[in-house]
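Next comes data-v5.cif, a file with mmCIF, N, CA and C atoms.
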```
data_target
#
loop_
_atom_site.label_atom_id
_atom_site.label_comp_id
_atom_site.auth_asym_id
_atom_site.auth_seq_id
_atom_site.Cartn_x
_atom_site.Cartn_y
_atom_site.Cartn_z
N MET A 1002 11.58 -1.55 17.17
CA MET A 1002 11.20 -2.78 16.52
C MET A 1002 12.45 -3.63 16.41
N HIS A 1003 12.49 -4.68 17.17
CA HIS A 1003 13.68 -5.50 17.23
C HIS A 1003 13.25 -6.95 17.43
N PHE A 1004 14.00 -7.89 16.88
CA PHE A 1004 13.66 -9.30 16.97
C PHE A 1004 14.28 -9.92 18.22
N TYR A 1005 13.56 -9.83 19.33
CA TYR A 1005 14.02 -10.47 20.55
C TYR A 1005 13.36 -11.84 20.69
N LYS A 1006 13.99 -12.67 21.48
CA LYS A 1006 13.36 -13.94 21.80
C LYS A 1006 12.23 -13.66 22.78
N PRO A 1007 11.04 -14.21 22.56
CA PRO A 1007 9.90 -13.86 23.42
C PRO A 1007 10.10 -14.23 24.89
N GLU A 1008 10.90 -15.24 25.14
CA GLU A 1008 11.08 -15.67 26.53
C GLU A 1008 12.09 -14.81 27.29
N VAL A 1009 12.81 -13.96 26.60
CA VAL A 1009 13.83 -13.12 27.23
C VAL A 1009 13.19 -11.79 27.62
N THR A 1010 13.38 -11.40 28.87
CA THR A 1010 12.89 -10.11 29.33
C THR A 1010 13.81 -9.02 28.80
N VAL A 1011 13.20 -7.99 28.22
CA VAL A 1011 13.96 -6.91 27.61
C VAL A 1011 13.95 -5.71 28.55
N SER A 1012 15.13 -5.22 28.87
CA SER A 1012 15.23 -4.06 29.76
C SER A 1012 15.19 -2.78 28.94
N PHE A 1013 14.90 -1.69 29.62
CA PHE A 1013 14.87 -0.38 28.97
C PHE A 1013 16.26 -0.01 28.44
N ILE A 1014 17.29 -0.38 29.18
CA ILE A 1014 18.66 -0.10 28.76
C ILE A 1014 18.98 -0.85 27.47
N ALA A 1015 18.51 -2.09 27.35
CA ALA A 1015 18.77 -2.86 26.12
C ALA A 1015 18.08 -2.21 24.93
N VAL A 1016 16.88 -1.70 25.13
CA VAL A 1016 16.17 -1.02 24.04
C VAL A 1016 16.92 0.25 23.63
N LEU A 1017 17.38 1.03 24.61
CA LEU A 1017 18.15 2.23 24.30
C LEU A 1017 19.45 1.90 23.57
N LYS A 1018 20.09 0.81 23.97
CA LYS A 1018 21.33 0.40 23.32
C LYS A 1018 21.08 0.04 21.85
N VAL A 1019 20.03 -0.70 21.58
CA VAL A 1019 19.73 -1.08 20.20
C VAL A 1019 19.37 0.15 19.37
N HIS A 1020 18.59 1.06 19.95
CA HIS A 1020 18.24 2.26 19.19
C HIS A 1020 19.46 3.15 18.95
N THR A 1021 20.38 3.16 19.87
CA THR A 1021 21.62 3.91 19.65
C THR A 1021 22.39 3.31 18.49
N TYR A 1022 22.48 1.98 18.45
CA TYR A 1022 23.13 1.31 17.31
C TYR A 1022 22.39 1.60 16.01
N MET A 1023 21.06 1.63 16.08
CA MET A 1023 20.26 1.81 14.88
C MET A 1023 20.30 3.25 14.36
N VAL A 1024 20.79 4.18 15.16
CA VAL A 1024 20.98 5.56 14.68
C VAL A 1024 22.44 5.79 14.30
N LEU A 1025 23.35 5.40 15.17
CA LEU A 1025 24.76 5.70 14.92
C LEU A 1025 25.35 4.90 13.77
N ALA A 1026 25.04 3.62 13.68
CA ALA A 1026 25.64 2.79 12.62
C ALA A 1026 25.20 3.27 11.23
N PRO A 1027 23.91 3.47 10.96
CA PRO A 1027 23.55 3.98 9.63
C PRO A 1027 24.07 5.40 9.40
N LEU A 1028 24.12 6.21 10.45
CA LEU A 1028 24.64 7.57 10.31
C LEU A 1028 26.08 7.53 9.81
N ILE A 1029 26.89 6.73 10.45
CA ILE A 1029 28.30 6.65 10.06
C ILE A 1029 28.45 6.04 8.66
N LEU A 1030 27.76 4.93 8.42
CA LEU A 1030 27.89 4.25 7.13
C LEU A 1030 27.37 5.11 5.98
N LEU A 1031 26.19 5.68 6.13
CA LEU A 1031 25.63 6.49 5.05
C LEU A 1031 26.37 7.81 4.89
N TYR A 1032 26.91 8.34 5.98
CA TYR A 1032 27.71 9.56 5.85
C TYR A 1032 28.99 9.29 5.06
N ILE A 1033 29.65 8.18 5.37
CA ILE A 1033 30.87 7.82 4.63
C ILE A 1033 30.54 7.57 3.15
N ALA A 1034 29.44 6.85 2.89
CA ALA A 1034 29.04 6.61 1.50
C ALA A 1034 28.68 7.93 0.81
N GLY A 1035 28.04 8.84 1.55
CA GLY A 1035 27.70 10.14 0.98
C GLY A 1035 28.92 10.98 0.66
N VAL A 1036 29.91 10.93 1.54
CA VAL A 1036 31.14 11.69 1.29
C VAL A 1036 31.89 11.11 0.08
N ILE A 1037 31.82 9.80 -0.08
CA ILE A 1037 32.46 9.18 -1.25
C ILE A 1037 31.78 9.66 -2.54
N VAL A 1038 30.43 9.76 -2.49
CA VAL A 1038 29.69 10.20 -3.68
C VAL A 1038 29.87 11.69 -3.91
N ASN A 1039 29.76 12.48 -2.83
CA ASN A 1039 29.89 13.93 -2.93
C ASN A 1039 30.57 14.43 -1.67
N ASN A 1040 31.75 14.98 -1.79
CA ASN A 1040 32.52 15.37 -0.60
C ASN A 1040 31.94 16.57 0.13
N LYS A 1041 30.88 17.18 -0.39
CA LYS A 1041 30.22 18.29 0.30
C LYS A 1041 29.04 17.83 1.16
N THR A 1042 28.90 16.54 1.37
CA THR A 1042 27.83 16.00 2.18
C THR A 1042 28.01 16.44 3.63
N ARG A 1043 26.92 16.92 4.25
CA ARG A 1043 26.99 17.36 5.65
C ARG A 1043 26.38 16.28 6.54
N ILE A 1044 26.99 16.09 7.70
CA ILE A 1044 26.54 15.05 8.62
C ILE A 1044 25.15 15.37 9.17
N ILE A 1045 24.80 16.64 9.32
CA ILE A 1045 23.49 17.00 9.85
C ILE A 1045 22.37 16.60 8.88
N ASP A 1046 22.64 16.66 7.59
CA ASP A 1046 21.65 16.23 6.60
C ASP A 1046 21.41 14.73 6.67
N VAL A 1047 22.49 13.97 6.82
CA VAL A 1047 22.36 12.52 6.93
C VAL A 1047 21.68 12.16 8.25
N LEU A 1048 21.99 12.88 9.32
CA LEU A 1048 21.34 12.64 10.61
C LEU A 1048 19.83 12.89 10.51
N ASN A 1049 19.43 13.93 9.82
CA ASN A 1049 18.00 14.20 9.62
C ASN A 1049 17.32 13.04 8.91
N VAL A 1050 17.96 12.51 7.89
CA VAL A 1050 17.39 11.38 7.15
C VAL A 1050 17.26 10.16 8.06
N ILE A 1051 18.30 9.87 8.83
CA ILE A 1051 18.29 8.69 9.69
C ILE A 1051 17.23 8.81 10.79
N LEU A 1052 16.99 10.01 11.27
CA LEU A 1052 16.00 10.20 12.33
C LEU A 1052 14.57 10.27 11.80
N ILE A 1053 14.37 10.74 10.57
CA ILE A 1053 13.01 10.90 10.04
C ILE A 1053 12.53 9.64 9.31
N ALA A 1054 13.40 8.93 8.64
CA ALA A 1054 12.99 7.77 7.82
C ALA A 1054 12.23 6.70 8.60
N PRO A 1055 12.54 6.40 9.88
CA PRO A 1055 11.81 5.32 10.56
C PRO A 1055 10.43 5.70 11.09
N PHE A 1056 9.99 6.95 10.92
CA PHE A 1056 8.68 7.34 11.46
C PHE A 1056 7.52 6.49 10.94
N PRO A 1057 7.49 6.07 9.67
CA PRO A 1057 6.40 5.17 9.25
C PRO A 1057 6.38 3.86 10.03
N LEU A 1058 7.55 3.35 10.41
CA LEU A 1058 7.59 2.12 11.20
C LEU A 1058 7.05 2.35 12.61
N TYR A 1059 7.34 3.51 13.18
CA TYR A 1059 6.81 3.83 14.50
C TYR A 1059 5.29 3.94 14.44
N LEU A 1060 4.77 4.52 13.37
CA LEU A 1060 3.31 4.59 13.19
C LEU A 1060 2.73 3.19 13.07
N MET A 1061 3.42 2.31 12.34
CA MET A 1061 2.96 0.94 12.20
C MET A 1061 2.90 0.23 13.55
N LEU A 1062 3.92 0.40 14.38
CA LEU A 1062 3.94 -0.22 15.69
C LEU A 1062 2.80 0.30 16.56
N PHE A 1063 2.55 1.59 16.50
CA PHE A 1063 1.47 2.19 17.27
C PHE A 1063 0.11 1.65 16.82
N LEU A 1064 -0.10 1.59 15.50
CA LEU A 1064 -1.38 1.09 14.99
C LEU A 1064 -1.57 -0.40 15.28
N SER A 1065 -0.49 -1.16 15.26
CA SER A 1065 -0.62 -2.59 15.55
C SER A 1065 -1.04 -2.83 16.99
N ARG A 1066 -0.68 -1.93 17.89
CA ARG A 1066 -1.13 -2.05 19.28
C ARG A 1066 -2.60 -1.66 19.41
N LEU A 1067 -3.04 -0.70 18.60
CA LEU A 1067 -4.43 -0.26 18.67
C LEU A 1067 -5.41 -1.34 18.22
N ILE A 1068 -5.04 -2.15 17.25
CA ILE A 1068 -5.98 -3.15 16.74
C ILE A 1068 -5.84 -4.49 17.45
N ASN A 1069 -5.03 -4.56 18.48
CA ASN A 1069 -4.88 -5.75 19.33
C ASN A 1069 -4.53 -6.98 18.50
N GLN A 1070 -3.42 -6.92 17.85
CA GLN A 1070 -3.01 -8.00 16.98
C GLN A 1070 -2.65 -9.27 17.74
N ASP A 1071 -2.19 -9.16 18.98
CA ASP A 1071 -1.84 -10.35 19.75
C ASP A 1071 -3.06 -11.23 20.01
N LYS A 1072 -4.18 -10.60 20.35
CA LYS A 1072 -5.42 -11.35 20.61
C LYS A 1072 -5.90 -12.04 19.33
N PHE A 1073 -5.83 -11.33 18.22
CA PHE A 1073 -6.30 -11.89 16.96
C PHE A 1073 -5.43 -13.08 16.53
N THR A 1074 -4.13 -12.96 16.64
CA THR A 1074 -3.26 -14.07 16.25
C THR A 1074 -3.44 -15.27 17.17
N SER A 1075 -3.72 -15.03 18.46
CA SER A 1075 -3.98 -16.15 19.36
C SER A 1075 -5.30 -16.83 19.02
N GLU A 1076 -6.31 -16.06 18.57
CA GLU A 1076 -7.58 -16.65 18.13
C GLU A 1076 -7.37 -17.53 16.89
N ILE A 1077 -6.57 -17.06 15.96
CA ILE A 1077 -6.28 -17.85 14.76
C ILE A 1077 -5.51 -19.10 15.13
N ASP A 1078 -4.53 -18.95 16.02
CA ASP A 1078 -3.74 -20.10 16.47
C ASP A 1078 -4.64 -21.14 17.14
N GLN A 1079 -5.55 -20.69 17.98
CA GLN A 1079 -6.45 -21.61 18.68
C GLN A 1079 -7.39 -22.29 17.70
N ALA A 1080 -7.89 -21.55 16.70
CA ALA A 1080 -8.78 -22.15 15.70
C ALA A 1080 -8.05 -23.22 14.90
N LEU A 1081 -6.81 -22.96 14.54
CA LEU A 1081 -6.03 -23.95 13.79
C LEU A 1081 -5.71 -25.17 14.64
N LYS A 1082 -5.45 -24.96 15.93
CA LYS A 1082 -5.19 -26.10 16.83
C LYS A 1082 -6.43 -26.95 17.01
N ASN A 1083 -7.61 -26.33 16.92
CA ASN A 1083 -8.88 -27.06 17.07
C ASN A 1083 -9.31 -27.73 15.76
N GLY A 1084 -8.53 -27.58 14.70
CA GLY A 1084 -8.84 -28.23 13.44
C GLY A 1084 -9.66 -27.40 12.48
N ASP A 1085 -9.91 -26.15 12.79
CA ASP A 1085 -10.69 -25.27 11.91
C ASP A 1085 -9.74 -24.62 10.90
N HIS A 1086 -9.41 -25.38 9.84
CA HIS A 1086 -8.44 -24.89 8.87
C HIS A 1086 -9.03 -23.89 7.89
N THR A 1087 -10.34 -23.77 7.84
CA THR A 1087 -10.97 -22.76 6.99
C THR A 1087 -11.21 -21.47 7.75
N LEU A 1088 -10.91 -21.47 9.04
CA LEU A 1088 -11.06 -20.31 9.93
C LEU A 1088 -12.50 -19.78 9.94
N SER A 1089 -13.45 -20.70 9.92
CA SER A 1089 -14.85 -20.30 9.92
C SER A 1089 -15.28 -19.72 11.27
N SER A 1090 -14.55 -20.01 12.32
CA SER A 1090 -14.91 -19.48 13.64
C SER A 1090 -14.37 -18.07 13.88
N ILE A 1091 -13.57 -17.57 12.96
CA ILE A 1091 -12.99 -16.23 13.09
C ILE A 1091 -13.89 -15.23 12.35
N ASP A 1092 -14.12 -14.08 12.97
CA ASP A 1092 -14.95 -13.04 12.39
C ASP A 1092 -14.34 -12.55 11.07
N LYS A 1093 -15.14 -12.59 10.00
CA LYS A 1093 -14.65 -12.21 8.67
C LYS A 1093 -14.34 -10.71 8.59
N GLY A 1094 -15.10 -9.90 9.28
CA GLY A 1094 -14.83 -8.47 9.29
C GLY A 1094 -13.48 -8.17 9.90
N ARG A 1095 -13.17 -8.88 10.96
CA ARG A 1095 -11.87 -8.69 11.61
C ARG A 1095 -10.73 -9.18 10.73
N MET A 1096 -10.98 -10.28 10.00
CA MET A 1096 -9.96 -10.76 9.07
C MET A 1096 -9.72 -9.75 7.95
N ALA A 1097 -10.79 -9.13 7.47
CA ALA A 1097 -10.64 -8.10 6.44
C ALA A 1097 -9.88 -6.90 6.98
N LEU A 1098 -10.16 -6.52 8.24
CA LEU A 1098 -9.45 -5.41 8.86
C LEU A 1098 -7.95 -5.70 8.93
N PHE A 1099 -7.60 -6.92 9.31
CA PHE A 1099 -6.18 -7.26 9.39
C PHE A 1099 -5.55 -7.37 8.01
N GLY A 1100 -6.31 -7.78 7.01
CA GLY A 1100 -5.79 -7.79 5.64
C GLY A 1100 -5.50 -6.38 5.15
N LEU A 1101 -6.42 -5.46 5.40
CA LEU A 1101 -6.20 -4.06 5.04
C LEU A 1101 -5.04 -3.47 5.83
N PHE A 1102 -4.94 -3.85 7.09
CA PHE A 1102 -3.82 -3.39 7.91
C PHE A 1102 -2.49 -3.88 7.32
N GLY A 1103 -2.45 -5.12 6.86
CA GLY A 1103 -1.24 -5.65 6.24
C GLY A 1103 -0.85 -4.89 4.99
N ILE A 1104 -1.82 -4.53 4.17
CA ILE A 1104 -1.54 -3.75 2.96
C ILE A 1104 -1.03 -2.36 3.35
N PHE A 1105 -1.65 -1.77 4.37
CA PHE A 1105 -1.22 -0.45 4.83
C PHE A 1105 0.20 -0.49 5.39
N VAL A 1106 0.53 -1.56 6.10
CA VAL A 1106 1.87 -1.72 6.65
C VAL A 1106 2.90 -1.84 5.53
N LEU A 1107 2.57 -2.56 4.48
CA LEU A 1107 3.49 -2.64 3.33
C LEU A 1107 3.69 -1.26 2.71
N PHE A 1108 2.61 -0.48 2.61
CA PHE A 1108 2.74 0.89 2.11
C PHE A 1108 3.68 1.70 3.01
N LEU A 1109 3.54 1.56 4.34
CA LEU A 1109 4.41 2.29 5.26
C LEU A 1109 5.86 1.85 5.13
N LEU A 1110 6.09 0.58 4.89
CA LEU A 1110 7.45 0.08 4.71
C LEU A 1110 8.07 0.69 3.44
N PHE A 1111 7.31 0.71 2.36
CA PHE A 1111 7.81 1.34 1.13
C PHE A 1111 8.03 2.83 1.34
N TYR A 1112 7.14 3.46 2.10
CA TYR A 1112 7.27 4.89 2.35
C TYR A 1112 8.53 5.19 3.17
N GLN A 1113 8.89 4.29 4.08
CA GLN A 1113 10.13 4.47 4.84
C GLN A 1113 11.33 4.50 3.89
N PHE A 1114 11.38 3.56 2.96
CA PHE A 1114 12.50 3.53 2.02
C PHE A 1114 12.44 4.71 1.05
N TYR A 1115 11.24 5.18 0.72
CA TYR A 1115 11.10 6.38 -0.10
C TYR A 1115 11.70 7.58 0.62
N LEU A 1116 11.39 7.73 1.92
CA LEU A 1116 11.96 8.82 2.69
C LEU A 1116 13.47 8.71 2.77
N LEU A 1117 13.96 7.50 2.93
CA LEU A 1117 15.41 7.28 2.99
C LEU A 1117 16.07 7.69 1.67
N VAL A 1118 15.51 7.25 0.55
CA VAL A 1118 16.10 7.54 -0.75
C VAL A 1118 16.03 9.03 -1.06
N LYS A 1119 14.86 9.62 -0.89
CA LYS A 1119 14.72 11.05 -1.20
C LYS A 1119 15.60 11.90 -0.28
N GLY A 1120 15.62 11.56 1.01
CA GLY A 1120 16.45 12.31 1.94
C GLY A 1120 17.92 12.20 1.63
N MET A 1121 18.40 11.01 1.33
CA MET A 1121 19.81 10.84 1.01
C MET A 1121 20.15 11.47 -0.33
N ASN A 1122 19.22 11.45 -1.27
CA ASN A 1122 19.47 12.12 -2.55
C ASN A 1122 19.64 13.62 -2.34
N ILE A 1123 18.85 14.20 -1.45
CA ILE A 1123 18.98 15.62 -1.15
C ILE A 1123 20.27 15.88 -0.37
N ALA A 1124 20.56 15.03 0.62
CA ALA A 1124 21.75 15.22 1.46
C ALA A 1124 23.04 15.13 0.65
N VAL A 1125 23.04 14.27 -0.36
CA VAL A 1125 24.25 14.01 -1.13
C VAL A 1125 24.22 14.74 -2.48
N ASN A 1126 23.09 15.33 -2.83
CA ASN A 1126 22.89 15.95 -4.14
C ASN A 1126 23.10 14.91 -5.23
N ASN A 1127 22.39 13.80 -5.09
CA ASN A 1127 22.53 12.66 -5.98
C ASN A 1127 21.45 12.69 -7.06
N LYS A 1128 21.82 12.31 -8.26
CA LYS A 1128 20.87 12.22 -9.36
C LYS A 1128 20.94 10.85 -10.04
N GLN A 1129 21.74 9.94 -9.51
CA GLN A 1129 21.93 8.63 -10.14
C GLN A 1129 21.16 7.56 -9.38
N VAL A 1130 20.49 6.69 -10.14
CA VAL A 1130 19.66 5.64 -9.55
C VAL A 1130 20.51 4.62 -8.80
N TRP A 1131 21.67 4.26 -9.33
CA TRP A 1131 22.48 3.22 -8.69
C TRP A 1131 22.95 3.66 -7.31
N VAL A 1132 23.16 4.94 -7.10
CA VAL A 1132 23.57 5.43 -5.78
C VAL A 1132 22.40 5.31 -4.81
N SER A 1133 21.18 5.58 -5.27
CA SER A 1133 20.00 5.42 -4.42
C SER A 1133 19.82 3.96 -4.02
N ILE A 1134 20.01 3.06 -4.97
CA ILE A 1134 19.91 1.62 -4.67
C ILE A 1134 21.00 1.23 -3.68
N LEU A 1135 22.19 1.79 -3.83
CA LEU A 1135 23.28 1.52 -2.90
C LEU A 1135 22.92 1.96 -1.48
N PHE A 1136 22.33 3.15 -1.33
CA PHE A 1136 21.94 3.63 -0.01
C PHE A 1136 20.92 2.70 0.64
N VAL A 1137 19.92 2.27 -0.12
CA VAL A 1137 18.90 1.37 0.43
C VAL A 1137 19.52 0.02 0.79
N ALA A 1138 20.37 -0.51 -0.06
CA ALA A 1138 21.00 -1.81 0.21
C ALA A 1138 21.89 -1.73 1.46
N LEU A 1139 22.67 -0.67 1.58
CA LEU A 1139 23.52 -0.51 2.76
C LEU A 1139 22.68 -0.40 4.03
N TYR A 1140 21.62 0.41 3.97
CA TYR A 1140 20.74 0.58 5.13
C TYR A 1140 20.08 -0.73 5.51
N PHE A 1141 19.58 -1.46 4.51
CA PHE A 1141 18.89 -2.73 4.76
C PHE A 1141 19.83 -3.77 5.35
N MET A 1142 21.02 -3.91 4.79
CA MET A 1142 21.97 -4.90 5.31
C MET A 1142 22.42 -4.54 6.72
N LEU A 1143 22.66 -3.27 6.96
CA LEU A 1143 23.08 -2.83 8.29
C LEU A 1143 21.96 -3.04 9.30
N ASP A 1144 20.73 -2.74 8.92
CA ASP A 1144 19.59 -2.94 9.81
C ASP A 1144 19.41 -4.40 10.17
N LEU A 1145 19.53 -5.28 9.19
CA LEU A 1145 19.43 -6.73 9.46
C LEU A 1145 20.54 -7.19 10.38
N GLY A 1146 21.74 -6.70 10.16
CA GLY A 1146 22.85 -7.07 11.04
C GLY A 1146 22.62 -6.62 12.46
N ILE A 1147 22.12 -5.42 12.63
CA ILE A 1147 21.85 -4.91 13.98
C ILE A 1147 20.72 -5.69 14.63
N GLN A 1148 19.69 -6.02 13.85
CA GLN A 1148 18.54 -6.73 14.41
C GLN A 1148 18.95 -8.08 14.99
N PHE A 1149 19.83 -8.79 14.32
CA PHE A 1149 20.12 -10.15 14.73
C PHE A 1149 21.39 -10.31 15.55
N TYR A 1150 22.24 -9.28 15.61
CA TYR A 1150 23.49 -9.43 16.34
C TYR A 1150 23.62 -8.56 17.56
N PHE A 1151 22.67 -7.66 17.80
CA PHE A 1151 22.74 -6.82 18.99
C PHE A 1151 21.51 -6.97 19.83
#
```
Do you think you could lay out the structure here as structure tokens?
Amino acid sequence: MHFYKPEVTVSFIAVLKVHTYMVLAPLILLYIAGVIVNNKTRIIDVLNVILIAPFPLYLMLFLSRLINQDKFTSEIDQALKNGDHTLSSIDKGRMALFGLFGIFVLFLLFYQFYLLVKGMNIAVNNKQVWVSILFVALYFMLDLGIQFYF
């Protein structure tokens, strides 16, 4: 999941490069932060957290392909271009499905951060809330930087 320009063709090598950054950069940053908090932090524990935490996002990407979100958004775009601002030409059942999908995706996003926090708390043997917030903030800032600069 990366923010590419739609007009730019993305190669397989570019995807591998971004995923390498998205594993190595948080691994190094969170490992260093973990060692600062507890010097007995093991790199394998942090690696497990970094590899397992994004699974809810992968599930979200898979499900978004199953419900054909591109077709639905193009239908909404076409309805709005035709002046149908109440979206009366769009199937209400399908709109409800996409609303439920949006709520489920938010749950998956929160679950990803839950996995990150719980995993890092176990990896670092942390019991303090501010350290958990620090881990999430570091991960989020690093992820945003990678998304827009690589």
Once the PyMOL selection byres (((chain A and resi 1104-1108 and name CA) around 12) and name CA) has been evaluated on this model, what residues remain selected, and can you format them as a PyMOL selection string? chain A and resi 1057-1065+1097-1103+1109-1115
Set up a box along x, y and z of the file covering all listed atoms of range 1057-1075 of chain A, add 4 Å on every one of the six sides, and write the centre and edge lengths in Å to one decimal, as JSON.
```
{"center_x": 0.6, "center_y": -5.4, "center_z": 14.9, "size_x": 21.9, "size_y": 30.9, "size_z": 19.4}
```
Using CA of Ile1014 in chain A and CA of Lys1072 in chain A as the two end points, give the distance in Å to one decimal.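 So the answer is 27.8 Å.
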Give me, as an MDAnalysis selection string, all polymer residues having an atom no more than 8 Å from range 1116-1121 of chain A, counting only N, CA and C atoms and skipping those fewer than 2 positions away in the same chain. chainID A and resid 1035 1046:1047 1049:1051 1053:1055 1110:1114 1123:1127 1132:1134 1136:1137
Name all residues at most 9 Å from Val1024 in chain A (count only C-alpha atoms; drop same-chain ones fewer than 5 positions away) and give them as a PyMOL selection string. chain A and resi 1019+1029+1048+1051-1052
Coordinates-based distance that separates CA of Met1142 in chain A from CA of Leu1017 in chain A (Å, one decimal): 20.6 Å
If you run DSSP on the backbone, which residues of range 1038-1107 of chain A are helix (DSSP H, G or I), as an NGL selection string? :A and (1038 or 1044-1053 or 1056-1067 or 1070-1082 or 1093-1107)
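As for CA of Arg1095 in chain A and CA of Phe1073 in chain A, they are spaced 8.4 Å apart.
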With only C-alpha atoms as the counted atoms, please give the residues lying no more than 12 Å from Leu1088 in chain A, apart from itself and same-chain residues fewer than 4 positions off, as number ranges by chain. A: 1073-1074, 1076-1084, 1092-1093, 1095-1096
Now that the selection is made, can you save its residues with N, CA and C atoms as an mmCIF file, in the coordinates of the input?
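Written out: again-v4.cif:
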```
data_model
loop_
_atom_site.group_PDB
_atom_site.id
_atom_site.type_symbol
_atom_site.label_atom_id
_atom_site.label_comp_id
_atom_site.auth_asym_id
_atom_site.auth_seq_id
_atom_site.Cartn_x
_atom_site.Cartn_y
_atom_site.Cartn_z
ATOM 1 N N PHE A 1073 -5.830 -11.330 18.220
ATOM 2 C CA PHE A 1073 -6.300 -11.890 16.960
ATOM 3 C C PHE A 1073 -5.430 -13.080 16.530
ATOM 4 N N THR A 1074 -4.130 -12.960 16.640
ATOM 5 C CA THR A 1074 -3.260 -14.070 16.250
ATOM 6 C C THR A 1074 -3.440 -15.270 17.170
ATOM 7 N N GLU A 1076 -6.310 -16.060 18.570
ATOM 8 C CA GLU A 1076 -7.580 -16.650 18.130
ATOM 9 C C GLU A 1076 -7.370 -17.530 16.890
ATOM 10 N N ILE A 1077 -6.570 -17.060 15.960
ATOM 11 C CA ILE A 1077 -6.280 -17.850 14.760
ATOM 12 C C ILE A 1077 -5.510 -19.100 15.130
ATOM 13 N N ASP A 1078 -4.530 -18.950 16.020
ATOM 14 C CA ASP A 1078 -3.740 -20.100 16.470
ATOM 15 C C ASP A 1078 -4.640 -21.140 17.140
ATOM 16 N N GLN A 1079 -5.550 -20.690 17.980
ATOM 17 C CA GLN A 1079 -6.450 -21.610 18.680
ATOM 18 C C GLN A 1079 -7.390 -22.290 17.700
ATOM 19 N N ALA A 1080 -7.890 -21.550 16.700
ATOM 20 C CA ALA A 1080 -8.780 -22.150 15.700
ATOM 21 C C ALA A 1080 -8.050 -23.220 14.900
ATOM 22 N N LEU A 1081 -6.810 -22.960 14.540
ATOM 23 C CA LEU A 1081 -6.030 -23.950 13.790
ATOM 24 C C LEU A 1081 -5.710 -25.170 14.640
ATOM 25 N N LYS A 1082 -5.450 -24.960 15.930
ATOM 26 C CA LYS A 1082 -5.190 -26.100 16.830
ATOM 27 C C LYS A 1082 -6.430 -26.950 17.010
ATOM 28 N N ASN A 1083 -7.610 -26.330 16.920
ATOM 29 C CA ASN A 1083 -8.880 -27.060 17.070
ATOM 30 C C ASN A 1083 -9.310 -27.730 15.760
ATOM 31 N N GLY A 1084 -8.530 -27.580 14.700
ATOM 32 C CA GLY A 1084 -8.840 -28.230 13.440
ATOM 33 C C GLY A 1084 -9.660 -27.400 12.480
ATOM 34 N N ASP A 1092 -14.120 -14.080 12.970
ATOM 35 C CA ASP A 1092 -14.950 -13.040 12.390
ATOM 36 C C ASP A 1092 -14.340 -12.550 11.070
ATOM 37 N N LYS A 1093 -15.140 -12.590 10.000
ATOM 38 C CA LYS A 1093 -14.650 -12.210 8.670
ATOM 39 C C LYS A 1093 -14.340 -10.710 8.590
ATOM 40 N N ARG A 1095 -13.170 -8.880 10.960
ATOM 41 C CA ARG A 1095 -11.870 -8.690 11.610
ATOM 42 C C ARG A 1095 -10.730 -9.180 10.730
ATOM 43 N N MET A 1096 -10.980 -10.280 10.000
ATOM 44 C CA MET A 1096 -9.960 -10.760 9.070
ATOM 45 C C MET A 1096 -9.720 -9.750 7.950
#
```
Under the rule that only C-alpha atoms are counted, which of A:Val1011, A:Leu1139, A:Phe1149, A:Arg1066 is the nearest residue to Ala1034 in chain A? A:Leu1139
List every protein, DNA or RNA residue that has an atom no more than 8 Å from (21.1, -5.0, 15.7) in the file's coordinate frame, counting all atoms listed in the file, and report them as a tab-separated table (two decimals) with N, CA and C atoms, keeping the file's coordinate frame.
```
chain	number	residue	atom	x	y	z
A	1003	HIS	N	12.49	-4.68	17.17
A	1003	HIS	CA	13.68	-5.50	17.23
A	1003	HIS	C	13.25	-6.95	17.43
A	1004	PHE	N	14.00	-7.89	16.88
A	1004	PHE	CA	13.66	-9.30	16.97
A	1004	PHE	C	14.28	-9.92	18.22
A	1018	LYS	N	20.09	0.81	23.97
A	1018	LYS	CA	21.33	0.40	23.32
A	1018	LYS	C	21.08	0.04	21.85
A	1019	VAL	N	20.03	-0.70	21.58
A	1019	VAL	CA	19.73	-1.08	20.20
A	1019	VAL	C	19.37	0.15	19.37
A	1020	HIS	N	18.59	1.06	19.95
A	1020	HIS	CA	18.24	2.26	19.19
A	1020	HIS	C	19.46	3.15	18.95
A	1022	TYR	N	22.48	1.98	18.45
A	1022	TYR	CA	23.13	1.31	17.31
A	1022	TYR	C	22.39	1.60	16.01
A	1023	MET	N	21.06	1.63	16.08
A	1023	MET	CA	20.26	1.81	14.88
A	1023	MET	C	20.30	3.25	14.36
A	1143	LEU	N	22.66	-3.27	6.96
A	1143	LEU	CA	23.08	-2.83	8.29
A	1143	LEU	C	21.96	-3.04	9.30
A	1144	ASP	N	20.73	-2.74	8.92
A	1144	ASP	CA	19.59	-2.94	9.81
A	1144	ASP	C	19.41	-4.40	10.17
A	1145	LEU	N	19.53	-5.28	9.19
A	1145	LEU	CA	19.43	-6.73	9.46
A	1145	LEU	C	20.54	-7.19	10.38
A	1146	GLY	N	21.74	-6.70	10.16
A	1146	GLY	CA	22.85	-7.07	11.04
A	1146	GLY	C	22.62	-6.62	12.46
A	1147	ILE	N	22.12	-5.42	12.63
A	1147	ILE	CA	21.85	-4.91	13.98
A	1147	ILE	C	20.72	-5.69	14.63
A	1148	GLN	N	19.69	-6.02	13.85
A	1148	GLN	CA	18.54	-6.73	14.41
A	1148	GLN	C	18.95	-8.08	14.99
A	1149	PHE	N	19.83	-8.79	14.32
A	1149	PHE	CA	20.12	-10.15	14.73
A	1149	PHE	C	21.39	-10.31	15.55
A	1150	TYR	N	22.24	-9.28	15.61
A	1150	TYR	CA	23.49	-9.43	16.34
A	1150	TYR	C	23.62	-8.56	17.56
A	1151	PHE	N	22.67	-7.66	17.80
A	1151	PHE	CA	22.74	-6.82	18.99
A	1151	PHE	C	21.51	-6.97	19.83
```
With only C-alpha atoms as the basis for distance, which of A:Thr1042, A:Ile1091, A:Val1016, A:Ala1026 is at the shortest distance from Tyr1140 in chain A?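 Answer, going by the shortest atom-to-atom distance: A:Ala1026.
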